[in-house]
Amino acid sequence: MSDVLLSVKDLRIVYGEAQAVDGVSFDVPQGQCLAILGANGAGKSSIAQCLAGLVPAASGSITIDGEDTTKAHGHVLAKQGVAYLPEGRGIFPTLSVADNISLGVRVCAKDKRAAAEERVYEYFPILGKRRKQQAATLSGGEQQMLAVGRALVTDPKLMVVDELSLGLAPLIIDDIYAALRIAKDGGTTMVLIEQYVERALAFADNAMVLRRGVVAWEGPANGAAEAVAHSYMGDTAIDTALAS
């Protein structure tokens with residue numbers, strides 16, 4: 001097995017008196033992808049935001065590449081090679097495509113920035129044709145390509161992706177996953193939150209199913225389908241469906 005790049009132990013996340021995540025633990029080996037699945041409110045996005053340094057952990061620990069990052073802030077993690085792709089694009093709409101990408105490469109060494117920018121246009125050729133276009137005028141799919149490109153341009157060691165496919169056409173999703181596959185094959189470790197369960201399980205190496213903030217199931221992605229059904233439908237509903 002590959003060396004573990006991301007290790008989360010007994011993670012708890014609370015908002016006021018509400019507990020969103022309760023004692024979650026998992027490891028992700030370097031170059032692999034963990035899909036975190038579950039119904040709305042299960043705690044998926046809270047974990048993603050905590051990994052990215054945007055939401056504090058109430059207790060527990062997060063270790064990335066051997067370093068304790070439990071209390072690290074987002075801008076520090078970005079410089080350490082953690083890329084976060086939030087739900088809702090995460091681009092600068094008033095800037096051009098080229099300027100958005102240029103902002104992304106600022107964490108790269110100066111002598112590597114030009115090559116990094118060109119790599120984005122290799123991933124998504126349509127963005128190369130839109131370099132001077134204001135990001136706000138792109139289609140929704142192109143905006144998501146830009147967001148993914150900005151995350152990949154830094155050649156991150158860990159990429160946290162929250163609801164990648166939300167509202168996108170299947171062909172656009174295919175292009176984005178193709179780019180993520182190249183990055184993953186190149187050694188980038190990923191945590192993926194995805195509404196399209198079949199796509200997530202086809203892409204990921206392992207999966208974890210959350211239910212009300214706790215781990216309901218974990219294991220190889222190709223064995224997660226029934227556990228996901230239980231988490232979305234509830235035990236009684238799925239047992240009835242299987243019996244019919």
# chains A, B, ... in the order shown; residues from 1 in each chain; ligands from 1

call {"tool": "select_by_dssp", "arguments": {"residues": "segment 61-122 of chain A", "states": "alpha helix (DSSP H)", "output": "list in words"}}
result
Gly74, His75, Val76, Leu77, Ala78, Lys79, Val97, Ala98, Asp99, Asn100, Ile101, Ser102, Leu103, Gly104, Arg113, Ala114, Ala115, Ala116, Glu117, Glu118, Arg119, Val120, Tyr121 and Glu122 of chain A

call {"tool": "residues_around", "arguments": {"residues": "segment 15-25 of chain A", "least_positions_apart": "5", "cutoff": "12 Å", "atoms": "only C-alpha atoms", "output": "PyMOL selection string"}}
result
chain A and resi 6-10+36+40-50+55-63+208-218

call {"tool": "write_last_selection", "arguments": {"atoms": "N, CA and C atoms", "output": "short mmCIF file (atom, residue, chain, number, x, y, z; two decimals), in the first residue's frame"}}
result
data_model
loop_
_atom_site.label_atom_id
_atom_site.label_comp_id
_atom_site.auth_asym_id
_atom_site.auth_seq_id
_atom_site.Cartn_x
_atom_site.Cartn_y
_atom_site.Cartn_z
N LEU A 6 -2.95 11.56 3.86
CA LEU A 6 -3.93 12.23 4.71
C LEU A 6 -4.43 11.26 5.77
N SER A 7 -4.34 11.69 7.02
CA SER A 7 -4.84 10.88 8.13
C SER A 7 -5.72 11.73 9.03
N VAL A 8 -6.95 11.30 9.22
CA VAL A 8 -7.92 12.01 10.07
C VAL A 8 -8.30 11.08 11.21
N LYS A 9 -8.20 11.56 12.44
CA LYS A 9 -8.48 10.73 13.61
C LYS A 9 -9.50 11.41 14.52
N ASP A 10 -10.59 10.69 14.78
CA ASP A 10 -11.60 11.10 15.77
C ASP A 10 -12.05 12.55 15.59
N ILE A 36 -16.39 10.59 -0.24
CA ILE A 36 -17.21 10.71 0.96
C ILE A 36 -18.65 10.91 0.51
N ASN A 40 -27.90 14.65 2.26
CA ASN A 40 -27.71 16.03 2.69
C ASN A 40 -27.73 16.10 4.22
N GLY A 41 -26.81 16.87 4.77
CA GLY A 41 -26.75 17.01 6.22
C GLY A 41 -25.95 15.92 6.92
N ALA A 42 -25.32 15.04 6.14
CA ALA A 42 -24.57 13.94 6.75
C ALA A 42 -23.23 14.39 7.33
N GLY A 43 -22.74 15.57 6.91
CA GLY A 43 -21.47 16.08 7.41
C GLY A 43 -20.36 16.11 6.38
N LYS A 44 -20.68 15.81 5.13
CA LYS A 44 -19.66 15.71 4.08
C LYS A 44 -18.93 17.03 3.86
N SER A 45 -19.69 18.09 3.61
CA SER A 45 -19.07 19.38 3.32
C SER A 45 -18.35 19.95 4.53
N SER A 46 -18.84 19.64 5.72
CA SER A 46 -18.15 20.09 6.93
C SER A 46 -16.75 19.50 7.00
N ILE A 47 -16.63 18.22 6.66
CA ILE A 47 -15.30 17.59 6.64
C ILE A 47 -14.42 18.24 5.58
N ALA A 48 -14.97 18.48 4.39
CA ALA A 48 -14.19 19.10 3.32
C ALA A 48 -13.67 20.47 3.75
N GLN A 49 -14.53 21.27 4.35
CA GLN A 49 -14.14 22.61 4.78
C GLN A 49 -13.12 22.56 5.91
N CYS A 50 -13.24 21.57 6.77
CA CYS A 50 -12.28 21.42 7.85
C CYS A 50 -10.91 21.01 7.31
N VAL A 55 -13.09 25.56 8.42
CA VAL A 55 -13.95 25.27 9.56
C VAL A 55 -13.08 24.60 10.62
N PRO A 56 -13.13 25.06 11.88
CA PRO A 56 -12.27 24.47 12.90
C PRO A 56 -12.76 23.11 13.38
N ALA A 57 -11.83 22.29 13.78
CA ALA A 57 -12.18 21.02 14.41
C ALA A 57 -12.40 21.26 15.90
N ALA A 58 -13.49 20.70 16.42
CA ALA A 58 -13.73 20.81 17.86
C ALA A 58 -12.77 19.91 18.63
N SER A 59 -12.45 18.76 18.03
CA SER A 59 -11.46 17.85 18.60
C SER A 59 -11.03 16.87 17.51
N GLY A 60 -10.03 16.08 17.82
CA GLY A 60 -9.48 15.17 16.83
C GLY A 60 -8.25 15.76 16.15
N SER A 61 -7.76 15.07 15.14
CA SER A 61 -6.54 15.53 14.47
C SER A 61 -6.59 15.28 12.98
N ILE A 62 -5.88 16.15 12.24
CA ILE A 62 -5.71 16.01 10.80
C ILE A 62 -4.22 16.09 10.51
N THR A 63 -3.70 15.09 9.83
CA THR A 63 -2.29 15.06 9.46
C THR A 63 -2.17 14.95 7.95
N MET A 208 -16.33 6.23 1.79
CA MET A 208 -16.81 6.30 3.16
C MET A 208 -18.21 6.88 3.13
N VAL A 209 -19.13 6.20 3.77
CA VAL A 209 -20.52 6.64 3.80
C VAL A 209 -20.81 7.23 5.17
N LEU A 210 -21.27 8.47 5.18
CA LEU A 210 -21.63 9.15 6.42
C LEU A 210 -23.14 9.12 6.61
N ARG A 211 -23.52 9.03 7.86
CA ARG A 211 -24.93 9.14 8.21
C ARG A 211 -25.03 9.90 9.52
N ARG A 212 -25.61 11.09 9.45
CA ARG A 212 -25.78 11.94 10.63
C ARG A 212 -24.47 12.17 11.37
N GLY A 213 -23.42 12.42 10.59
CA GLY A 213 -22.15 12.82 11.16
C GLY A 213 -21.24 11.71 11.63
N VAL A 214 -21.65 10.46 11.45
CA VAL A 214 -20.80 9.34 11.84
C VAL A 214 -20.57 8.43 10.63
N VAL A 215 -19.53 7.61 10.70
CA VAL A 215 -19.21 6.70 9.60
C VAL A 215 -20.15 5.50 9.67
N ALA A 216 -20.95 5.34 8.62
CA ALA A 216 -21.88 4.21 8.54
C ALA A 216 -21.25 3.02 7.82
N TRP A 217 -20.30 3.31 6.94
CA TRP A 217 -19.63 2.25 6.16
C TRP A 217 -18.36 2.82 5.56
N GLU A 218 -17.37 1.96 5.39
CA GLU A 218 -16.16 2.34 4.67
C GLU A 218 -15.52 1.10 4.07
#

call {"tool": "closest_atom_pairs", "arguments": {"of": "segment 144-191 of chain A", "to": "segment 126-139 of chain A", "cutoff": "12 Å", "atoms": "only C-alpha atoms", "output": "CSV"}}
result
residue,atom,partner,partner_atom,distance
A:Gln144,CA,A:Ser139,CA,8.7
A:Met145,CA,A:Leu127,CA,7.9
A:Leu146,CA,A:Leu127,CA,7.3
A:Ala147,CA,A:Ala135,CA,10.1
A:Val148,CA,A:Leu127,CA,11.4
A:Gly149,CA,A:Leu127,CA,9.2
A:Arg150,CA,A:Leu127,CA,11.4
A:Gly167,CA,A:Ser139,CA,11.4
A:Leu168,CA,A:Ser139,CA,9.9
A:Ala169,CA,A:Ser139,CA,10.9
A:Ile172,CA,A:Ser139,CA,10.7
A:Asp175,CA,A:Ile126,CA,10.8

call {"tool": "select_by_dssp", "arguments": {"residues": "segment 2-44 of chain A", "states": "strand (DSSP E)", "output": "ChimeraX atom specification"}}
result
/A:4-15,18-29,33-37

call {"tool": "write_last_selection", "arguments": {"atoms": "N, CA and C atoms", "output": "PDB file, in the first residue's frame"}}
result
ATOM      1  N   VAL A   4       0.535   6.753   3.553  1.00  0.00           N
ATOM      2  CA  VAL A   4      -0.649   7.558   3.851  1.00  0.00           C
ATOM      3  C   VAL A   4      -0.286   9.030   3.752  1.00  0.00           C
ATOM      4  N   LEU A   5      -1.006   9.776   2.932  1.00  0.00           N
ATOM      5  CA  LEU A   5      -0.772  11.214   2.826  1.00  0.00           C
ATOM      6  C   LEU A   5      -1.698  11.995   3.748  1.00  0.00           C
ATOM      7  N   LEU A   6      -2.947  11.556   3.858  1.00  0.00           N
ATOM      8  CA  LEU A   6      -3.932  12.233   4.706  1.00  0.00           C
ATOM      9  C   LEU A   6      -4.431  11.265   5.770  1.00  0.00           C
ATOM     10  N   SER A   7      -4.345  11.691   7.024  1.00  0.00           N
ATOM     11  CA  SER A   7      -4.835  10.878   8.132  1.00  0.00           C
ATOM     12  C   SER A   7      -5.720  11.735   9.034  1.00  0.00           C
ATOM     13  N   VAL A   8      -6.949  11.303   9.219  1.00  0.00           N
ATOM     14  CA  VAL A   8      -7.916  12.005  10.066  1.00  0.00           C
ATOM     15  C   VAL A   8      -8.303  11.076  11.208  1.00  0.00           C
ATOM     16  N   LYS A   9      -8.203  11.556  12.437  1.00  0.00           N
ATOM     17  CA  LYS A   9      -8.478  10.735  13.608  1.00  0.00           C
ATOM     18  C   LYS A   9      -9.504  11.407  14.524  1.00  0.00           C
ATOM     19  N   ASP A  10     -10.593  10.692  14.785  1.00  0.00           N
ATOM     20  CA  ASP A  10     -11.604  11.100  15.774  1.00  0.00           C
ATOM     21  C   ASP A  10     -12.051  12.552  15.589  1.00  0.00           C
ATOM     22  N   LEU A  11     -12.301  12.938  14.362  1.00  0.00           N
ATOM     23  CA  LEU A  11     -12.658  14.324  14.055  1.00  0.00           C
ATOM     24  C   LEU A  11     -14.076  14.647  14.514  1.00  0.00           C
ATOM     25  N   ARG A  12     -14.194  15.749  15.235  1.00  0.00           N
ATOM     26  CA  ARG A  12     -15.498  16.284  15.632  1.00  0.00           C
ATOM     27  C   ARG A  12     -15.601  17.720  15.149  1.00  0.00           C
ATOM     28  N   ILE A  13     -16.741  18.064  14.561  1.00  0.00           N
ATOM     29  CA  ILE A  13     -17.011  19.425  14.094  1.00  0.00           C
ATOM     30  C   ILE A  13     -18.363  19.837  14.640  1.00  0.00           C
ATOM     31  N   VAL A  14     -18.401  21.006  15.266  1.00  0.00           N
ATOM     32  CA  VAL A  14     -19.657  21.484  15.840  1.00  0.00           C
ATOM     33  C   VAL A  14     -19.929  22.907  15.373  1.00  0.00           C
ATOM     34  N   TYR A  15     -21.203  23.230  15.281  1.00  0.00           N
ATOM     35  CA  TYR A  15     -21.660  24.590  14.995  1.00  0.00           C
ATOM     36  C   TYR A  15     -22.577  24.993  16.137  1.00  0.00           C
ATOM     37  N   ALA A  18     -24.860  22.354  17.784  1.00  0.00           N
ATOM     38  CA  ALA A  18     -25.153  21.285  16.819  1.00  0.00           C
ATOM     39  C   ALA A  18     -23.864  20.572  16.423  1.00  0.00           C
ATOM     40  N   GLN A  19     -23.875  19.268  16.513  1.00  0.00           N
ATOM     41  CA  GLN A  19     -22.710  18.469  16.152  1.00  0.00           C
ATOM     42  C   GLN A  19     -22.873  17.965  14.727  1.00  0.00           C
ATOM     43  N   ALA A  20     -21.988  18.413  13.839  1.00  0.00           N
ATOM     44  CA  ALA A  20     -22.086  18.032  12.427  1.00  0.00           C
ATOM     45  C   ALA A  20     -21.323  16.757  12.119  1.00  0.00           C
ATOM     46  N   VAL A  21     -20.199  16.561  12.797  1.00  0.00           N
ATOM     47  CA  VAL A  21     -19.343  15.394  12.568  1.00  0.00           C
ATOM     48  C   VAL A  21     -18.904  14.869  13.927  1.00  0.00           C
ATOM     49  N   ASP A  22     -19.032  13.559  14.122  1.00  0.00           N
ATOM     50  CA  ASP A  22     -18.803  12.978  15.448  1.00  0.00           C
ATOM     51  C   ASP A  22     -17.853  11.784  15.374  1.00  0.00           C
ATOM     52  N   GLY A  23     -16.588  12.038  15.647  1.00  0.00           N
ATOM     53  CA  GLY A  23     -15.622  10.955  15.777  1.00  0.00           C
ATOM     54  C   GLY A  23     -15.251  10.250  14.492  1.00  0.00           C
ATOM     55  N   VAL A  24     -15.130  10.979  13.402  1.00  0.00           N
ATOM     56  CA  VAL A  24     -14.816  10.380  12.101  1.00  0.00           C
ATOM     57  C   VAL A  24     -13.301  10.193  11.950  1.00  0.00           C
ATOM     58  N   SER A  25     -12.915   9.009  11.488  1.00  0.00           N
ATOM     59  CA  SER A  25     -11.503   8.703  11.236  1.00  0.00           C
ATOM     60  C   SER A  25     -11.358   8.053   9.862  1.00  0.00           C
ATOM     61  N   PHE A  26     -10.300   8.414   9.150  1.00  0.00           N
ATOM     62  CA  PHE A  26      -9.994   7.756   7.876  1.00  0.00           C
ATOM     63  C   PHE A  26      -8.580   8.113   7.437  1.00  0.00           C
ATOM     64  N   ASP A  27      -8.019   7.264   6.582  1.00  0.00           N
ATOM     65  CA  ASP A  27      -6.715   7.501   5.970  1.00  0.00           C
ATOM     66  C   ASP A  27      -6.866   7.458   4.458  1.00  0.00           C
ATOM     67  N   VAL A  28      -6.084   8.274   3.763  1.00  0.00           N
ATOM     68  CA  VAL A  28      -6.052   8.237   2.301  1.00  0.00           C
ATOM     69  C   VAL A  28      -4.596   8.092   1.861  1.00  0.00           C
ATOM     70  N   PRO A  29      -4.241   6.959   1.241  1.00  0.00           N
ATOM     71  CA  PRO A  29      -2.872   6.779   0.754  1.00  0.00           C
ATOM     72  C   PRO A  29      -2.535   7.777  -0.358  1.00  0.00           C
ATOM     73  N   CYS A  33      -7.863   8.201  -4.141  1.00  0.00           N
ATOM     74  CA  CYS A  33      -9.024   9.065  -3.932  1.00  0.00           C
ATOM     75  C   CYS A  33     -10.003   8.390  -2.990  1.00  0.00           C
ATOM     76  N   LEU A  34     -10.462   9.137  -2.001  1.00  0.00           N
ATOM     77  CA  LEU A  34     -11.531   8.702  -1.106  1.00  0.00           C
ATOM     78  C   LEU A  34     -12.788   9.482  -1.448  1.00  0.00           C
ATOM     79  N   ALA A  35     -13.864   8.778  -1.765  1.00  0.00           N
ATOM     80  CA  ALA A  35     -15.163   9.415  -1.972  1.00  0.00           C
ATOM     81  C   ALA A  35     -15.917   9.415  -0.650  1.00  0.00           C
ATOM     82  N   ILE A  36     -16.391  10.593  -0.236  1.00  0.00           N
ATOM     83  CA  ILE A  36     -17.215  10.708   0.965  1.00  0.00           C
ATOM     84  C   ILE A  36     -18.650  10.912   0.511  1.00  0.00           C
ATOM     85  N   LEU A  37     -19.507   9.980   0.871  1.00  0.00           N
ATOM     86  CA  LEU A  37     -20.879   9.956   0.378  1.00  0.00           C
ATOM     87  C   LEU A  37     -21.865   9.980   1.535  1.00  0.00           C
TER      88      LEU A  37
END

call {"tool": "closest_residue", "arguments": {"among": "A:Pro156, A:Gly141, A:Pro125, A:Pro86", "to": "Asp65 of chain A", "atoms": "only C-alpha atoms"}}
result
A:Pro156

call {"tool": "residues_around", "arguments": {"residues": "segment 189-203 of chain A", "least_positions_apart": "3", "cutoff": "7 Å", "atoms": "only C-alpha atoms", "output": "list of chain:residue names"}}
result
A:Gln30, A:Gly31, A:Gln32, A:Cys33, A:Leu34, A:Ala35, A:Ile36, A:Leu37, A:Lys44, A:Lys157, A:Leu158, A:Met159, A:Val160, A:Val161, A:Asp162, A:Glu163, A:Leu164, A:Ser165, A:Lys184, A:Ala221, A:Asn222

call {"tool": "write_last_selection", "arguments": {"atoms": "N, CA and C atoms", "output": "mmCIF file, in the first residue's frame"}}
result
data_model
loop_
_atom_site.group_PDB
_atom_site.id
_atom_site.type_symbol
_atom_site.label_atom_id
_atom_site.label_comp_id
_atom_site.auth_asym_id
_atom_site.auth_seq_id
_atom_site.Cartn_x
_atom_site.Cartn_y
_atom_site.Cartn_z
ATOM 1 N N GLN A 30 -1.271 8.076 -0.496
ATOM 2 C CA GLN A 30 -0.825 9.001 -1.533
ATOM 3 C C GLN A 30 -1.235 8.498 -2.912
ATOM 4 N N GLY A 31 -1.780 9.427 -3.720
ATOM 5 C CA GLY A 31 -2.171 9.105 -5.079
ATOM 6 C C GLY A 31 -3.501 8.397 -5.206
ATOM 7 N N GLN A 32 -4.214 8.236 -4.093
ATOM 8 C CA GLN A 32 -5.523 7.601 -4.147
ATOM 9 C C GLN A 32 -6.624 8.619 -3.877
ATOM 10 N N CYS A 33 -7.863 8.201 -4.141
ATOM 11 C CA CYS A 33 -9.024 9.065 -3.932
ATOM 12 C C CYS A 33 -10.003 8.390 -2.990
ATOM 13 N N LEU A 34 -10.462 9.137 -2.001
ATOM 14 C CA LEU A 34 -11.531 8.702 -1.106
ATOM 15 C C LEU A 34 -12.788 9.482 -1.448
ATOM 16 N N ALA A 35 -13.864 8.778 -1.765
ATOM 17 C CA ALA A 35 -15.163 9.415 -1.972
ATOM 18 C C ALA A 35 -15.917 9.415 -0.650
ATOM 19 N N ILE A 36 -16.391 10.593 -0.236
ATOM 20 C CA ILE A 36 -17.215 10.708 0.965
ATOM 21 C C ILE A 36 -18.650 10.912 0.511
ATOM 22 N N LEU A 37 -19.507 9.980 0.871
ATOM 23 C CA LEU A 37 -20.879 9.956 0.378
ATOM 24 C C LEU A 37 -21.865 9.980 1.535
ATOM 25 N N LYS A 44 -20.684 15.805 5.130
ATOM 26 C CA LYS A 44 -19.659 15.708 4.080
ATOM 27 C C LYS A 44 -18.930 17.027 3.859
ATOM 28 N N LYS A 157 -0.588 18.453 -3.645
ATOM 29 C CA LYS A 157 -0.384 17.119 -3.086
ATOM 30 C C LYS A 157 -1.715 16.528 -2.620
ATOM 31 N N LEU A 158 -2.636 17.414 -2.168
ATOM 32 C CA LEU A 158 -3.969 16.984 -1.741
ATOM 33 C C LEU A 158 -5.002 17.908 -2.353
ATOM 34 N N MET A 159 -6.032 17.325 -2.939
ATOM 35 C CA MET A 159 -7.119 18.098 -3.536
ATOM 36 C C MET A 159 -8.429 17.677 -2.880
ATOM 37 N N VAL A 160 -9.154 18.649 -2.346
ATOM 38 C CA VAL A 160 -10.442 18.407 -1.698
ATOM 39 C C VAL A 160 -11.522 18.993 -2.592
ATOM 40 N N VAL A 161 -12.399 18.138 -3.108
ATOM 41 C CA VAL A 161 -13.380 18.535 -4.119
ATOM 42 C C VAL A 161 -14.782 18.362 -3.555
ATOM 43 N N ASP A 162 -15.546 19.456 -3.501
ATOM 44 C CA ASP A 162 -16.883 19.433 -2.905
ATOM 45 C C ASP A 162 -17.942 19.676 -3.975
ATOM 46 N N GLU A 163 -18.746 18.662 -4.277
ATOM 47 C CA GLU A 163 -19.860 18.744 -5.229
ATOM 48 C C GLU A 163 -19.401 19.253 -6.600
ATOM 49 N N LEU A 164 -18.512 18.505 -7.188
ATOM 50 C CA LEU A 164 -17.900 18.860 -8.465
ATOM 51 C C LEU A 164 -18.901 19.015 -9.598
ATOM 52 N N SER A 165 -19.890 18.120 -9.681
ATOM 53 C CA SER A 165 -20.740 18.009 -10.872
ATOM 54 C C SER A 165 -22.052 18.764 -10.778
ATOM 55 N N LYS A 184 -4.572 12.685 -10.648
ATOM 56 C CA LYS A 184 -4.503 11.548 -9.714
ATOM 57 C C LYS A 184 -3.424 10.559 -10.145
ATOM 58 N N ALA A 221 -14.311 1.237 -3.065
ATOM 59 C CA ALA A 221 -15.402 1.951 -3.737
ATOM 60 C C ALA A 221 -16.334 1.008 -4.480
ATOM 61 N N ASN A 222 -15.791 -0.076 -5.010
ATOM 62 C CA ASN A 222 -16.635 -0.976 -5.795
ATOM 63 C C ASN A 222 -17.589 -1.811 -4.945
#

call {"tool": "residues_around", "arguments": {"residues": "Gln80 of chain A", "least_positions_apart": "4", "cutoff": "12 Å", "atoms": "only C-alpha atoms", "output": "compact mmCIF listing (two decimals) with C-alpha atoms, in the first residue's frame"}}
result
# COMPACT_ATOMS: atom_id res chain seq x y z
CA ALA A 52 -9.21 22.97 3.83
CA GLY A 53 -8.77 25.01 7.02
CA ILE A 64 -1.22 15.86 5.90
CA ASP A 65 2.05 14.44 4.59
CA GLY A 66 3.22 13.79 8.13
CA GLU A 67 2.45 17.29 9.43
CA ASP A 68 -0.30 18.12 11.92
CA THR A 69 -2.58 20.59 10.12
CA ALA A 72 -3.86 25.40 10.11
CA HIS A 73 -5.73 28.14 8.24
CA GLY A 74 -6.73 27.89 4.60
CA HIS A 75 -4.09 30.24 3.17
CA VAL A 76 -1.35 28.31 4.97
CA VAL A 107 1.89 29.64 -4.96
CA CYS A 108 4.18 28.05 -7.59
CA THR A 154 -0.64 24.39 -8.36
CA ASP A 155 0.10 20.65 -8.78
CA PRO A 156 -1.37 20.01 -5.32
CA LYS A 157 -0.38 17.12 -3.09
CA LEU A 158 -3.97 16.98 -1.74
CA MET A 159 -7.12 18.10 -3.54

call {"tool": "closest_residue", "arguments": {"among": "A:Ala116, A:Leu85, A:Asn206, A:Gly104", "to": "Leu180 of chain A", "atoms": "only C-alpha atoms"}}
result
A:Leu85
